[in-house]
file final_34.cif (mmCIF, C-alpha atoms)
data_run
#
loop_
_atom_site.group_PDB
_atom_site.id
_atom_site.type_symbol
_atom_site.label_atom_id
_atom_site.label_comp_id
_atom_site.auth_asym_id
_atom_site.auth_seq_id
_atom_site.Cartn_x
_atom_site.Cartn_y
_atom_site.Cartn_z
ATOM 1 C CA MET A 23 112.304 92.842 52.477
ATOM 2 C CA GLN A 24 114.698 94.278 55.060
ATOM 3 C CA THR A 25 113.945 94.172 58.781
ATOM 4 C CA ALA A 26 115.534 95.986 61.708
ATOM 5 C CA ASP A 27 115.123 96.828 65.377
ATOM 6 C CA LEU A 28 114.476 100.549 65.067
ATOM 7 C CA ARG A 29 115.248 101.056 68.750
ATOM 8 C CA SER A 30 118.885 100.334 67.914
ATOM 9 C CA ALA A 31 120.847 103.137 66.238
ATOM 10 C CA ASN A 32 123.247 100.617 64.705
ATOM 11 C CA SER A 33 120.372 98.564 63.343
ATOM 12 C CA CYS A 34 118.870 101.694 61.766
ATOM 13 C CA ARG A 35 122.211 102.574 60.207
ATOM 14 C CA ARG A 36 122.610 99.110 58.705
ATOM 15 C CA LEU A 37 119.052 99.162 57.367
ATOM 16 C CA VAL A 38 119.524 102.489 55.605
ATOM 17 C CA GLU A 39 122.890 101.402 54.204
ATOM 18 C CA LYS A 40 121.361 98.196 52.771
ATOM 19 C CA ILE A 41 118.528 100.120 51.129
ATOM 20 C CA VAL A 42 120.890 102.672 49.592
ATOM 21 C CA ARG A 43 123.206 99.952 48.314
ATOM 22 C CA LYS A 44 120.268 98.232 46.608
ATOM 23 C CA TRP A 45 118.314 101.216 45.284
ATOM 24 C CA GLY A 46 120.842 104.045 45.297
ATOM 25 C CA ARG A 47 118.521 106.509 47.038
ATOM 26 C CA ILE A 48 115.667 106.940 49.509
ATOM 27 C CA ASP A 49 112.701 109.075 48.467
ATOM 28 C CA ILE A 50 110.071 108.274 51.124
ATOM 29 C CA LEU A 51 110.247 107.577 54.844
ATOM 30 C CA VAL A 52 107.100 106.649 56.773
ATOM 31 C CA ASN A 53 107.817 106.661 60.498
ATOM 32 C CA ASN A 54 105.188 104.202 61.701
ATOM 33 C CA CYS A 55 106.994 102.517 64.592
ATOM 34 C CA GLY A 56 105.050 102.770 67.836
ATOM 35 C CA GLY A 57 102.872 101.111 70.389
ATOM 36 C CA LEU A 58 102.125 100.646 74.053
ATOM 37 C CA PRO A 59 104.674 98.520 75.932
ATOM 38 C CA ALA A 60 102.672 99.295 79.087
ATOM 39 C CA ARG A 61 99.191 100.672 79.698
ATOM 40 C CA GLY A 62 97.688 102.640 82.553
ATOM 41 C CA ARG A 63 96.855 105.946 84.180
ATOM 42 C CA PHE A 64 99.545 108.482 85.097
ATOM 43 C CA LEU A 65 100.230 107.169 88.611
ATOM 44 C CA ASP A 66 100.118 103.553 87.418
ATOM 45 C CA LEU A 67 102.993 103.998 84.998
ATOM 46 C CA ALA A 68 106.544 103.410 86.168
ATOM 47 C CA GLU A 69 109.391 105.559 84.856
ATOM 48 C CA LYS A 70 110.454 102.638 82.658
ATOM 49 C CA ALA A 71 107.140 102.838 80.825
ATOM 50 C CA TRP A 72 107.878 106.467 79.951
ATOM 51 C CA ARG A 73 111.402 105.647 78.781
ATOM 52 C CA ASP A 74 110.147 102.714 76.708
ATOM 53 C CA SER A 75 107.458 104.881 75.126
ATOM 54 C CA PHE A 76 110.007 107.583 74.320
ATOM 55 C CA GLU A 77 112.333 105.086 72.655
ATOM 56 C CA LEU A 78 109.592 103.318 70.704
ATOM 57 C CA ASN A 79 107.282 106.144 69.668
ATOM 58 C CA LEU A 80 109.608 109.132 69.317
ATOM 59 C CA LEU A 81 113.287 108.221 69.248
ATOM 60 C CA THR A 82 112.847 105.634 66.480
ATOM 61 C CA ALA A 83 111.405 108.372 64.252
ATOM 62 C CA VAL A 84 114.210 110.763 65.169
ATOM 63 C CA THR A 85 116.896 108.171 64.448
ATOM 64 C CA MET A 86 115.482 107.096 61.087
ATOM 65 C CA SER A 87 114.909 110.681 59.969
ATOM 66 C CA ARG A 88 118.473 111.639 60.842
ATOM 67 C CA ARG A 89 119.756 108.702 58.787
ATOM 68 C CA VAL A 90 117.556 109.320 55.759
ATOM 69 C CA ILE A 91 117.545 113.106 55.368
ATOM 70 C CA PRO A 92 121.141 113.368 54.043
ATOM 71 C CA PHE A 93 120.270 110.983 51.196
ATOM 72 C CA MET A 94 117.145 112.990 50.388
ATOM 73 C CA GLN A 95 119.210 116.178 50.329
ATOM 74 C CA LYS A 96 121.714 114.545 47.993
ATOM 75 C CA HIS A 97 119.042 113.495 45.497
ATOM 76 C CA GLY A 98 116.945 116.637 45.451
ATOM 77 C CA GLY A 99 114.193 115.989 47.960
ATOM 78 C CA GLY A 100 111.843 113.463 49.473
ATOM 79 C CA ARG A 101 108.849 112.895 51.724
ATOM 80 C CA ILE A 102 108.786 112.115 55.436
ATOM 81 C CA ILE A 103 105.540 111.057 57.098
ATOM 82 C CA PHE A 104 105.123 110.717 60.849
ATOM 83 C CA VAL A 105 102.264 108.480 61.984
ATOM 84 C CA SER A 106 100.958 110.127 65.137
ATOM 85 C CA SER A 107 97.494 109.671 66.693
ATOM 86 C CA PHE A 108 94.362 111.652 67.455
ATOM 87 C CA VAL A 109 95.252 111.301 71.155
ATOM 88 C CA ALA A 110 98.111 113.744 70.537
ATOM 89 C CA LEU A 111 95.438 116.466 70.362
ATOM 90 C CA GLN A 112 92.711 114.831 72.451
ATOM 91 C CA PRO A 113 94.282 112.724 75.215
ATOM 92 C CA GLY A 114 92.065 110.457 77.243
ATOM 93 C CA SER A 115 92.203 109.183 80.806
ATOM 94 C CA PHE A 116 94.786 106.482 80.086
ATOM 95 C CA ASN A 117 98.259 106.140 78.595
ATOM 96 C CA PRO A 118 99.624 109.692 78.935
ATOM 97 C CA HIS A 119 103.107 108.417 78.021
ATOM 98 C CA TYR A 120 101.771 107.455 74.589
ATOM 99 C CA SER A 121 99.805 110.636 73.866
ATOM 100 C CA ALA A 122 102.750 112.799 74.990
ATOM 101 C CA MET A 123 105.114 111.137 72.526
ATOM 102 C CA LYS A 124 102.564 111.354 69.730
ATOM 103 C CA MET A 125 102.264 115.101 70.395
ATOM 104 C CA ALA A 126 106.051 115.380 70.245
ATOM 105 C CA LEU A 127 105.903 113.930 66.733
ATOM 106 C CA LEU A 128 103.697 116.835 65.647
ATOM 107 C CA ASN A 129 106.220 119.336 66.971
ATOM 108 C CA LEU A 130 108.987 117.478 65.156
ATOM 109 C CA THR A 131 106.920 117.472 61.962
ATOM 110 C CA LYS A 132 106.627 121.245 61.964
ATOM 111 C CA HIS A 133 110.289 121.745 62.875
ATOM 112 C CA LEU A 134 111.624 119.498 60.095
ATOM 113 C CA SER A 135 109.183 120.869 57.507
ATOM 114 C CA LEU A 136 110.547 124.367 58.086
ATOM 115 C CA GLN A 137 114.201 123.385 58.284
ATOM 116 C CA PHE A 138 114.295 121.208 55.171
ATOM 117 C CA ALA A 139 111.800 122.908 52.843
ATOM 118 C CA GLN A 140 114.760 124.447 51.024
ATOM 119 C CA ASP A 141 115.889 120.899 50.207
ATOM 120 C CA ASN A 142 112.460 120.001 48.774
ATOM 121 C CA ILE A 143 111.868 117.580 51.644
ATOM 122 C CA LEU A 144 108.191 117.618 52.542
ATOM 123 C CA VAL A 145 107.364 116.568 56.092
ATOM 124 C CA ASN A 146 103.836 115.829 57.299
ATOM 125 C CA ALA A 147 102.000 113.880 59.997
ATOM 126 C CA VAL A 148 98.850 111.791 59.907
ATOM 127 C CA LEU A 149 96.739 111.318 63.014
ATOM 128 C CA PRO A 150 94.644 108.141 62.844
ATOM 129 C CA GLY A 151 91.703 107.589 65.113
ATOM 130 C CA ASN A 152 90.459 104.130 66.053
ATOM 131 C CA ILE A 153 91.730 101.855 63.302
ATOM 132 C CA HIS A 154 90.944 98.133 63.233
ATOM 133 C CA THR A 155 94.430 96.621 63.276
ATOM 134 C CA GLU A 156 96.189 93.609 64.740
ATOM 135 C CA GLY A 157 97.058 95.852 67.690
ATOM 136 C CA TRP A 158 93.363 96.265 68.467
ATOM 137 C CA GLU A 159 92.855 92.503 68.396
ATOM 138 C CA THR A 160 95.844 92.038 70.721
ATOM 139 C CA TYR A 161 94.388 94.605 73.113
ATOM 140 C CA LEU A 162 91.086 92.734 73.237
ATOM 141 C CA LEU A 163 92.820 89.418 73.869
ATOM 142 C CA ASP A 164 94.961 90.872 76.665
ATOM 143 C CA LYS A 165 91.928 92.511 78.268
ATOM 144 C CA SER A 166 89.931 89.291 78.223
ATOM 145 C CA ARG A 167 92.827 87.401 79.823
ATOM 146 C CA GLN A 168 93.474 90.024 82.478
ATOM 147 C CA GLU A 169 89.810 90.255 83.415
ATOM 148 C CA ARG A 170 89.245 86.509 82.974
ATOM 149 C CA ARG A 171 86.298 87.160 80.707
ATOM 150 C CA ASP A 172 85.048 85.587 77.517
ATOM 151 C CA LEU A 173 86.744 87.155 74.490
ATOM 152 C CA SER A 174 83.515 87.623 72.541
ATOM 153 C CA SER A 175 81.895 89.620 75.348
ATOM 154 C CA VAL A 176 84.970 91.855 75.618
ATOM 155 C CA GLN A 177 84.955 92.349 71.844
ATOM 156 C CA ASN A 178 81.300 93.354 71.801
ATOM 157 C CA GLU A 179 81.648 95.676 74.784
ATOM 158 C CA GLU A 180 84.777 97.429 73.528
ATOM 159 C CA HIS A 181 83.485 97.712 69.974
ATOM 160 C CA GLU A 182 80.311 99.395 71.201
ATOM 161 C CA ARG A 183 82.306 101.746 73.456
ATOM 162 C CA VAL A 184 84.657 102.859 70.683
ATOM 163 C CA VAL A 185 82.118 103.150 67.878
ATOM 164 C CA LYS A 186 79.777 105.181 70.077
ATOM 165 C CA ALA A 187 82.418 107.922 70.326
ATOM 166 C CA VAL A 188 83.019 108.107 66.566
ATOM 167 C CA PRO A 189 80.595 110.336 64.597
ATOM 168 C CA LEU A 190 80.877 108.013 61.558
ATOM 169 C CA LYS A 191 80.010 105.076 63.849
ATOM 170 C CA ARG A 192 82.686 102.673 62.695
ATOM 171 C CA PHE A 193 86.355 101.835 62.953
ATOM 172 C CA GLY A 194 88.756 103.113 60.346
ATOM 173 C CA ARG A 195 90.541 100.694 58.033
ATOM 174 C CA PRO A 196 94.339 100.472 57.660
ATOM 175 C CA GLU A 197 94.025 100.960 53.900
ATOM 176 C CA GLU A 198 92.292 104.299 54.480
ATOM 177 C CA VAL A 199 95.298 105.531 56.434
ATOM 178 C CA ALA A 200 97.584 104.143 53.732
ATOM 179 C CA GLU A 201 95.695 106.086 51.046
ATOM 180 C CA LEU A 202 96.176 109.347 52.947
ATOM 181 C CA ILE A 203 99.893 108.635 53.228
ATOM 182 C CA ARG A 204 100.023 107.815 49.533
ATOM 183 C CA PHE A 205 98.431 111.174 48.748
ATOM 184 C CA LEU A 206 101.074 112.981 50.799
ATOM 185 C CA CYS A 207 103.798 111.100 48.937
ATOM 186 C CA SER A 208 102.320 111.776 45.489
ATOM 187 C CA GLU A 209 102.699 114.679 43.090
ATOM 188 C CA THR A 210 99.156 115.712 44.000
ATOM 189 C CA GLY A 211 100.406 116.384 47.537
ATOM 190 C CA SER A 212 103.503 118.279 46.435
ATOM 191 C CA PHE A 213 102.394 121.591 48.013
ATOM 192 C CA VAL A 214 101.582 120.081 51.411
ATOM 193 C CA THR A 215 104.239 120.254 54.134
ATOM 194 C CA GLY A 216 104.184 120.868 57.880
ATOM 195 C CA ALA A 217 100.604 119.596 58.067
ATOM 196 C CA SER A 218 99.034 117.342 60.679
ATOM 197 C CA LEU A 219 96.104 115.596 59.012
ATOM 198 C CA MET A 220 93.345 113.876 60.948
ATOM 199 C CA ILE A 221 91.864 110.581 59.767
ATOM 200 C CA ASP A 222 89.627 109.745 62.695
ATOM 201 C CA GLY A 223 86.000 109.550 61.570
ATOM 202 C CA GLY A 224 85.342 112.933 63.181
ATOM 203 C CA ILE A 225 86.247 111.959 66.747
ATOM 204 C CA LEU A 226 88.431 115.020 67.415
ATOM 205 C CA LYS A 227 86.284 117.715 69.013
ATOM 206 C CA GLY A 228 88.761 120.582 68.683
ATOM 207 C CA VAL A 229 88.722 123.173 65.907
#

call {"tool": "encode", "arguments": {"input": "final_34.cif", "output": "structure tokens"}}
result
Amino acid sequence: MQTADLRSANSCRRLVEKIVRKWGRIDILVNNCGGLPARGRFLDLAEKAWRDSFELNLLTAVTMSRRVIPFMQKHGGGRIIFVSSFVALQPGSFNPHYSAMKMALLNLTKHLSLQFAQDNILVNAVLPGNIHTEGWETYLLDKSRQERRDLSSVQNEEHERVVKAVPLKRFGRPEEVAELIRFLCSETGSFVTGASLMIDGGILKGV
């Protein structure tokens, strides 16, 4: 397994070079680097929070795509998947720096899908809803510490709040998102490009 700091252009370059030296080609790129270095409402967020969100959620995907696309062109095609979020289309009251960058990924998806279709490079985005990940557990722990409350009570309260908003009344599972990505990377998904696919339990209210 190779690791890298995707916020560093040099680190991305070295990572891609190592992979190509070992395997000779790159067929699939899943841009799944992202997160929330800082949380808050619009006026709570310092400019640094916006810059950090840009570098983590958008620029990492740009840098890796720029590195990988030439190898895909050389070998006759490939698949690029951007992991966005349902908040790109339905932002809430918090974390506008995050939802703005996730929306930018959708614009980039459409742009690259059009530009590189002639190279048989298929580019799509997936938009997960509330998925039960380690990030969710970290959020609960941080919230309990900040509010000096018992972790179990925070867990119960936040779980009820989130599930109430989801028509299917549950969290999504990471493996469900992975299966959607696998479909997009398979031969079955070979006529899908430029798409932004929701996997959110029905939470998005737009048409």

call {"tool": "closest_atom_pairs", "arguments": {"input": "final_34.cif", "of": "segment 83-199 of chain A", "to": "segment 218-226 of chain A", "cutoff": "12 Å", "atoms": "only C-alpha atoms", "output": "Markdown table"}}
result
| residue | atom | partner | partner_atom | distance |
| --- | --- | --- | --- | --- |
| A:Ile103 | CA | A:Ser218 | CA | 9.7 |
| A:Phe104 | CA | A:Ser218 | CA | 9.0 |
| A:Val105 | CA | A:Ser218 | CA | 9.5 |
| A:Ser106 | CA | A:Ser218 | CA | 8.7 |
| A:Ser107 | CA | A:Met220 | CA | 8.2 |
| A:Phe108 | CA | A:Leu226 | CA | 6.8 |
| A:Val109 | CA | A:Leu226 | CA | 8.6 |
| A:Ala110 | CA | A:Leu226 | CA | 10.3 |
| A:Leu111 | CA | A:Leu226 | CA | 7.7 |
| A:Gln112 | CA | A:Leu226 | CA | 6.6 |
| A:Pro113 | CA | A:Leu226 | CA | 10.0 |
| A:Gly114 | CA | A:Leu226 | CA | 11.4 |
| A:Lys124 | CA | A:Ser218 | CA | 11.4 |
| A:Met125 | CA | A:Ser218 | CA | 10.5 |
| A:Leu127 | CA | A:Ser218 | CA | 9.8 |
| A:Leu128 | CA | A:Ser218 | CA | 6.8 |
| A:Asn129 | CA | A:Ser218 | CA | 9.8 |
| A:Leu130 | CA | A:Ser218 | CA | 10.9 |
| A:Thr131 | CA | A:Ser218 | CA | 8.0 |
| A:Lys132 | CA | A:Ser218 | CA | 8.6 |
| A:Ser135 | CA | A:Ser218 | CA | 11.2 |
| A:Val145 | CA | A:Ser218 | CA | 9.5 |
| A:Asn146 | CA | A:Ser218 | CA | 6.1 |
| A:Ala147 | CA | A:Ser218 | CA | 4.6 |
| A:Val148 | CA | A:Leu219 | CA | 4.8 |
| A:Leu149 | CA | A:Met220 | CA | 4.7 |
| A:Pro150 | CA | A:Ile221 | CA | 4.8 |
| A:Gly151 | CA | A:Asp222 | CA | 3.8 |
| A:Asn152 | CA | A:Asp222 | CA | 6.6 |
| A:Ile153 | CA | A:Asp222 | CA | 8.2 |
| A:His154 | CA | A:Asp222 | CA | 11.7 |
| A:Val184 | CA | A:Ile225 | CA | 10.0 |
| A:Val185 | CA | A:Gly223 | CA | 9.8 |
| A:Lys186 | CA | A:Ile225 | CA | 9.9 |
| A:Ala187 | CA | A:Ile225 | CA | 6.6 |
| A:Val188 | CA | A:Ile225 | CA | 5.0 |
| A:Pro189 | CA | A:Gly224 | CA | 5.6 |
| A:Leu190 | CA | A:Gly223 | CA | 5.3 |
| A:Lys191 | CA | A:Gly223 | CA | 7.8 |
| A:Arg192 | CA | A:Gly223 | CA | 7.7 |
| A:Phe193 | CA | A:Gly223 | CA | 7.8 |
| A:Gly194 | CA | A:Asp222 | CA | 7.1 |
| A:Arg195 | CA | A:Ile221 | CA | 10.1 |
| A:Pro196 | CA | A:Ile221 | CA | 10.6 |
| A:Glu197 | CA | A:Ile221 | CA | 11.5 |
| A:Glu198 | CA | A:Ile221 | CA | 8.2 |
| A:Val199 | CA | A:Ile221 | CA | 7.0 |

call {"tool": "closest_residue", "arguments": {"input": "final_34.cif", "among": "A:Pro92, A:Gly56, A:Gly98, A:Gly211", "to": "Asp141 of chain A", "atoms": "all atoms listed in the file"}}
result
A:Gly98

call {"tool": "atom_distance", "arguments": {"input": "final_34.cif", "atom1": "atom CA of Gln140 of chain A", "atom2": "atom CA of Leu81 of chain A"}}
result
24.4 Å

call {"tool": "residues_around", "arguments": {"input": "final_34.cif", "residues": "Phe93 of chain A", "least_positions_apart": "3", "cutoff": "12 Å", "atoms": "all atoms listed in the file", "output": "list in words"}}
result
Val38, Glu39, Ile41, Val42, Arg43, Trp45, Gly46, Arg47, Ile48, Asp49, Ile50, Leu51, Met86, Ser87, Arg88, Arg89, Val90, Lys96, His97, Gly98, Gly99, Gly100, Arg101, Asp141 and Ile143 of chain A

call {"tool": "write_last_selection", "arguments": {"input": "final_34.cif", "atoms": "C-alpha atoms", "output": "mmCIF file, in the frame of the given file"}}
result
data_model
loop_
_atom_site.group_PDB
_atom_site.id
_atom_site.type_symbol
_atom_site.label_atom_id
_atom_site.label_comp_id
_atom_site.auth_asym_id
_atom_site.auth_seq_id
_atom_site.Cartn_x
_atom_site.Cartn_y
_atom_site.Cartn_z
ATOM 1 C CA VAL A 38 119.524 102.489 55.605
ATOM 2 C CA GLU A 39 122.890 101.402 54.204
ATOM 3 C CA ILE A 41 118.528 100.120 51.129
ATOM 4 C CA VAL A 42 120.890 102.672 49.592
ATOM 5 C CA ARG A 43 123.206 99.952 48.314
ATOM 6 C CA TRP A 45 118.314 101.216 45.284
ATOM 7 C CA GLY A 46 120.842 104.045 45.297
ATOM 8 C CA ARG A 47 118.521 106.509 47.038
ATOM 9 C CA ILE A 48 115.667 106.940 49.509
ATOM 10 C CA ASP A 49 112.701 109.075 48.467
ATOM 11 C CA ILE A 50 110.071 108.274 51.124
ATOM 12 C CA LEU A 51 110.247 107.577 54.844
ATOM 13 C CA MET A 86 115.482 107.096 61.087
ATOM 14 C CA SER A 87 114.909 110.681 59.969
ATOM 15 C CA ARG A 88 118.473 111.639 60.842
ATOM 16 C CA ARG A 89 119.756 108.702 58.787
ATOM 17 C CA VAL A 90 117.556 109.320 55.759
ATOM 18 C CA LYS A 96 121.714 114.545 47.993
ATOM 19 C CA HIS A 97 119.042 113.495 45.497
ATOM 20 C CA GLY A 98 116.945 116.637 45.451
ATOM 21 C CA GLY A 99 114.193 115.989 47.960
ATOM 22 C CA GLY A 100 111.843 113.463 49.473
ATOM 23 C CA ARG A 101 108.849 112.895 51.724
ATOM 24 C CA ASP A 141 115.889 120.899 50.207
ATOM 25 C CA ILE A 143 111.868 117.580 51.644
#

call {"tool": "resolve_selection", "arguments": {"input": "final_34.cif", "expression": "the PyMOL selection byres ((chain A and resi 60) around 10)", "output": "list in words"}}
result
Gly57, Leu58, Pro59, Arg61, Gly62, Asp66, Leu67, Ala68, Lys70, Ala71, Trp72, Asp74, Ser75, Asn117, His119 and Tyr120 of chain A

call {"tool": "atom_distance", "arguments": {"input": "final_34.cif", "atom1": "atom CA of Val176 of chain A", "atom2": "atom CA of Trp158 of chain A"}}
result
11.9 Å

call {"tool": "residues_around", "arguments": {"input": "final_34.cif", "residues": "segment 165-169 of chain A", "least_positions_apart": "5", "cutoff": "12 Å", "atoms": "all atoms listed in the file", "output": "list in words"}}
result
Arg61, Trp158, Glu159, Thr160, Ser174, Ser175, Val176, Gln177, Asn178, Glu179 and Glu180 of chain A

call {"tool": "closest_residue", "arguments": {"input": "final_34.cif", "among": "A:Gln95, A:Asn79, A:Gln137, A:Asn142", "to": "Leu28 of chain A", "atoms": "only C-alpha atoms"}}
result
A:Asn79

call {"tool": "atom_distance", "arguments": {"input": "final_34.cif", "atom1": "atom CA of His181 of chain A", "atom2": "atom CA of Asp164 of chain A"}}
result
14.9 Å

call {"tool": "axis_aligned_box", "arguments": {"input": "final_34.cif", "around": "segment 223-229 of chain A", "padding_each_side": "8 Å", "output": "lines of an AutoDock Vina configuration file"}}
result
center_x = 87.1
center_y = 116.4
center_z = 65.3
size_x = 19.4
size_y = 29.6
size_z = 23.4

call {"tool": "closest_residue", "arguments": {"input": "final_34.cif", "among": "A:Phe76, A:Ala26, A:Phe138, A:Ser33", "to": "Gly216 of chain A", "atoms": "all atoms listed in the file"}}
result
A:Phe138
